[in-house]
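**Q** The structure under discussion is supplied below as structure tokens; questions concerning it will follow.
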Amino acid sequence: MQLYKSFLKQLIRNYMIGSIAAVLVVGGVLMVTTLEIPFEEGARLVVILAISFMVMIASELTVFLRYLRPIHAGFDEGHTDLETLEKAYLSIHRMPRMVVYRIFGPHLLGLSLPAILLTVWMMEQEKLNFPPFYIWLACLGAVLLASCHAMIEFFLTIAAIRPLIKEIRRQALSRYGVDFSLEGHVFMAIRTKFLLSTMLIGTFPLFLFSLAVQIRLEGLSQIVAQQYWGWAGFILLLGVGFAYIGAWLLTQDLQRPIRQLYRAMNEIKEGRLIQTSNLYSDEFSNLIAGFNMMVRGLQVREERNRKLLDSYFAALAAALDARDPYTAGHSLRVAEYSVLIGQLAGLSEVQVDLLHKTALLHDIGKIGVRDNILLKEGKLTAEEFDQVKAHPAQGENILLQIEPADAMAPYLEGVRSHHERYDGGGYPDGLKGKEIPLFGRIIAVADAYDAMTSDRPYRSGMKSVDALNILEAGRGTQWDPDYAGMFVKYMKAEKKVITIR
């Protein structure tokens with residue numbers, strides 16, 4: 001709550017700074033040095049301003065307290081839930097924009113409308129004697145001063161809300177384990193903020209000078225005044241045009257590197273660790289250099305993690321194969337054959353990598369099969385074969401225990417389905433045709449080929465050409481016709497037999 005009280009003091013101080021700078025300094029100096037009126041009329045104007053000021057304070061205070069209500073609730077010690085904290089967090093972010101709305105709403109209208117009405121009434125009572133068009137000039141001046149006030153308080157409020165944002169996020173994280181974030185939501189675009197600010201800075205003196213000169217020219221003839229405004233209007237037009245072009249160019253120069261960094265961050269979000277070009281010679285050069293340094297660090301870490309993951313999968317496969325000296329290297333060979341089929345089928349590099357890891361783990365479920373069954377040299381009984389047939393589902397269950405779960409998700413289907421048959425006679429689910437997951441259909445071909453060409457205790461491995469003929473004969477029944485056909489055609493054409501022993 002102490003932080004909230006400090007925030008309130010800061011807002012009041014900001015309001016006073018903006019009011020003094022815009023109203024008292026600029027407006028007061030303009031009125032004193034420009035208007036030539038008797039003392040009594042000046043006193044009446046002061047009374048009008050005082051009454052209008054009180055109306056403005058009353059209306060502005062009402063709106064101000066309504067803006068602060070959700071923020072105050074977020075700092076009510078011991079009585080804040082997560083929803084209240086979130087509302088306070090969003091309200092704090094809206095404060096700079098609300099400042100602008102408040103100044104152009106109750107602040108400007110609360111001051112201007114009573115002042116206009118009282119001035120018109122006193123002019124009708126002949127207590128004020130100056131030209132009616134002064135009222136219109138006063139209205140234009142009020143808009144200019146409000147713009148100046150809004151800009152000053154807007155940027156001061158941006159600085160004032162930062163400690164509150166940190167505190168709200170800290171409370172949400174410590175109490176509820178939630179880290180508030182706007183997730184890219186923009187309450188005030190940099191382009192709008194920068195363009196309007198620079199335009200105001202460039203044109204404010206021009207318009208203020210023009211209003212003051214108009215009052216001073218009142219005593220001149222109409223012809224001279226028209227000649228003056230013909231020239232002054234052209235100067236104003238040039239000044240406004242130059243201010244807009246300059247503001248637009250500055251805004252573009254600021255937005256260009258921001259858009260570049262935003263695109264680069266999206267690339268990283270999509271998993272593409274790509275550095276961005278550094279084309280700048282100002283502070284943005286350091287910012288982009290730091291961004292690229294971060295990307296290089298992520299690339300090194302990604303490569304290290306990839307190697308560790310590859311080693312992890314290979315170690316698991318080697319540990320599994322080590323249980324049976326006759327099948328040593330089986331998982332590695334199946335992985336190599338699967339990668340070959342994936343490349344022949346035109347799979348992407350990412351898919352081929354996932355396929356390789358899935359093939360390394362395809363028999364991981366055999367960890368749950370007893371040695372007296374897995375290493376048996378004779379024919380298995382029906383009950384023993386049922387236990388062996390359970391290993392695809394057991395493999396899936398083992399991978400489901402690994403955290404994070406989403407990291408293992410790409411490998412589950414291939415591990416579970418690598419013993420499915422294309423005609424629906426496989427296990428564990430009896431899937432048929434394209435119902436069988438892609439990796440399962442590919443690994444089935446690679447697994448069968450290695451099993452047929454590898455030595456077993458009860459038989460010697462057959463020749464490669466014989467195994468390829470069996471694969472050819474089983475296309476469309478036991479194996480996917482496309483992937484089995486690709487593999488057979490490649491192996492026969494190249495006359496290659498991959499042996500990883």
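Each chain of the structure tokens is named A, B, ... in the order shown, its residues numbered from 1; ligands are numbered from 1 in display order.
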Please return as a ChimeraX atom specification: the residues of range 60-293 of chain A that backbone DSSP assigns to helix (DSSP H, G or I).
**A** /A:60-74,82-124,133-176,190-219,222-269,283-293
**Q** So that each row is one residue of range 163-201 of chain A with an atom at most 8 Å from range 232-245 of chain A, can you give its shortest atom pair and the distance in Å to one decimal, using only C-alpha atoms, rows by chain and rising number, as CSV?
**A**
```
residue,atom,partner,partner_atom,distance
A:Leu195,CA,A:Tyr244,CA,7.9
A:Thr198,CA,A:Ala243,CA,7.4
A:Met199,CA,A:Ala243,CA,5.5
```
**Q** Taking C-alpha atoms for each residue, export the selection above as a PDB file, in the first residue's frame.
**A**
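Below is the file that was written, part-v6.pdb:
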```pdb
ATOM      1  CA  LEU A 195       4.079  10.689 -34.605  1.00  0.00           C
ATOM      2  CA  THR A 198       6.704  15.057 -32.700  1.00  0.00           C
ATOM      3  CA  MET A 199       3.877  16.704 -34.648  1.00  0.00           C
TER       4      MET A 199
END
```
**Q** Neighbours of Leu273 in chain A within 8 Å (only C-alpha atoms; same-chain residues fewer than 5 positions away dropped), as a list in words?
**A**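 The residues satisfying every condition are Glu267, Ile268, Val295, Leu298 and Gln299 of chain A.
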**Q** Selection from above, N, CA, C and O atoms, as a short mmCIF file (atom, residue, chain, number, x, y, z; two decimals), in the first residue's frame, can you write it?
**A**
```
data_model
loop_
_atom_site.label_atom_id
_atom_site.label_comp_id
_atom_site.auth_asym_id
_atom_site.auth_seq_id
_atom_site.Cartn_x
_atom_site.Cartn_y
_atom_site.Cartn_z
N GLU A 267 10.73 -15.66 -35.82
CA GLU A 267 11.50 -16.79 -36.35
C GLU A 267 11.96 -17.70 -35.21
O GLU A 267 11.87 -18.92 -35.29
N ILE A 268 12.43 -17.09 -34.12
CA ILE A 268 12.87 -17.88 -32.97
C ILE A 268 11.69 -18.60 -32.35
O ILE A 268 11.79 -19.78 -31.94
N VAL A 295 21.12 -15.10 -30.00
CA VAL A 295 20.79 -16.17 -30.95
C VAL A 295 21.96 -17.14 -31.08
O VAL A 295 21.76 -18.36 -31.12
N LEU A 298 21.93 -19.36 -28.20
CA LEU A 298 20.87 -20.35 -28.31
C LEU A 298 21.24 -21.43 -29.33
O LEU A 298 20.90 -22.61 -29.14
N GLN A 299 21.94 -21.03 -30.40
CA GLN A 299 22.35 -22.01 -31.40
C GLN A 299 23.33 -23.02 -30.81
O GLN A 299 23.22 -24.23 -31.06
#
```
**Q** Excluding same-chain residues fewer than 6 positions from range 418-423 of chain A, what lies within 6 Å of it counting only C-alpha atoms, as an MDAnalysis selection string?
**A** chainID A and resid 432:433 440 443:444 477:480
**Q** Generate the output file for the selected residues, all heavy atoms, as a tab-separated table (two decimals), in the first residue's frame.
**A**
```
chain	number	residue	atom	x	y	z
A	432	LYS	N	-5.26	-50.85	-40.14
A	432	LYS	CA	-5.18	-51.29	-41.53
A	432	LYS	C	-4.84	-50.12	-42.43
A	432	LYS	O	-5.33	-49.00	-42.24
A	432	LYS	CB	-6.54	-51.88	-41.94
A	432	LYS	CG	-6.57	-52.44	-43.36
A	432	LYS	CD	-7.94	-53.05	-43.63
A	432	LYS	CE	-8.00	-53.65	-45.04
A	432	LYS	NZ	-9.33	-54.25	-45.33
A	433	GLY	N	-3.99	-50.38	-43.43
A	433	GLY	CA	-3.69	-49.38	-44.45
A	433	GLY	C	-3.15	-48.08	-43.88
A	433	GLY	O	-2.28	-48.05	-43.01
A	440	GLY	N	5.12	-45.80	-38.14
A	440	GLY	CA	4.91	-47.23	-37.92
A	440	GLY	C	5.05	-48.02	-39.21
A	440	GLY	O	5.64	-49.10	-39.24
A	443	ILE	N	8.92	-47.96	-40.19
A	443	ILE	CA	9.76	-48.78	-39.31
A	443	ILE	C	9.44	-50.26	-39.50
A	443	ILE	O	10.34	-51.12	-39.38
A	443	ILE	CB	9.56	-48.36	-37.84
A	443	ILE	CG1	10.07	-46.92	-37.65
A	443	ILE	CG2	10.29	-49.30	-36.89
A	443	ILE	CD1	9.77	-46.34	-36.28
A	444	ALA	N	8.19	-50.60	-39.81
A	444	ALA	CA	7.83	-52.00	-40.03
A	444	ALA	C	8.67	-52.62	-41.15
A	444	ALA	O	9.12	-53.78	-41.05
A	444	ALA	CB	6.34	-52.12	-40.35
A	477	THR	N	0.13	-56.32	-48.32
A	477	THR	CA	-0.48	-57.25	-47.36
A	477	THR	C	0.14	-57.03	-45.98
A	477	THR	O	-0.52	-56.60	-45.05
A	477	THR	CB	-0.29	-58.71	-47.82
A	477	THR	OG1	1.11	-58.95	-48.05
A	477	THR	CG2	-1.08	-58.98	-49.09
A	478	GLN	N	1.44	-57.34	-45.86
A	478	GLN	CA	2.09	-57.14	-44.57
A	478	GLN	C	2.66	-55.72	-44.43
A	478	GLN	O	2.61	-55.12	-43.36
A	478	GLN	CB	3.21	-58.16	-44.36
A	478	GLN	CG	3.83	-58.07	-42.97
A	478	GLN	CD	4.71	-59.26	-42.63
A	478	GLN	OE1	4.76	-60.22	-43.39
A	478	GLN	NE2	5.39	-59.21	-41.51
A	479	TRP	N	3.17	-55.17	-45.56
A	479	TRP	CA	3.85	-53.87	-45.48
A	479	TRP	C	3.22	-52.85	-46.42
A	479	TRP	O	2.58	-53.22	-47.41
A	479	TRP	CB	5.34	-54.03	-45.82
A	479	TRP	CG	6.05	-54.94	-44.86
A	479	TRP	CD1	6.39	-54.68	-43.59
A	479	TRP	CD2	6.48	-56.28	-45.15
A	479	TRP	NE1	7.01	-55.77	-43.02
A	479	TRP	CE2	7.09	-56.76	-43.96
A	479	TRP	CE3	6.42	-57.14	-46.25
A	479	TRP	CZ2	7.63	-58.04	-43.85
A	479	TRP	CZ3	6.96	-58.41	-46.16
A	479	TRP	CH2	7.54	-58.85	-44.97
A	480	ASP	N	3.42	-51.60	-46.10
A	480	ASP	CA	2.95	-50.51	-46.95
A	480	ASP	C	3.56	-50.67	-48.33
A	480	ASP	O	4.79	-50.76	-48.47
A	480	ASP	CB	3.35	-49.16	-46.34
A	480	ASP	CG	2.81	-47.97	-47.12
A	480	ASP	OD1	3.23	-47.79	-48.28
A	480	ASP	OD2	2.00	-47.23	-46.57
```
**Q** Would you mind telling me which residue in A:Ile48, A:Ala115, A:Leu361, A:Ala473 lies nearest to Pro392 in chain A when using only C-alpha atoms?
**A**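 Under the stated criterion, the closest residue is A:Leu361.
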**Q** What's around Val352 in chain A at 12 Å? Count only C-alpha atoms, leave out sequence neighbours fewer than 3 positions away in its own chain, and write the answer as a list in words.
**A**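 Residues meeting the cut-off are Ala335, Glu336, Tyr337, Ser338, Val339, Leu340, Ile341, Gly342, Gln343, Leu344, Ala345, Gly346, Leu347, Ser348, Glu349, Leu355, His356, Lys357, Thr358, Ala359, Pro410, Tyr411, Leu438, Phe439, Ile442 and Ile443 of chain A.
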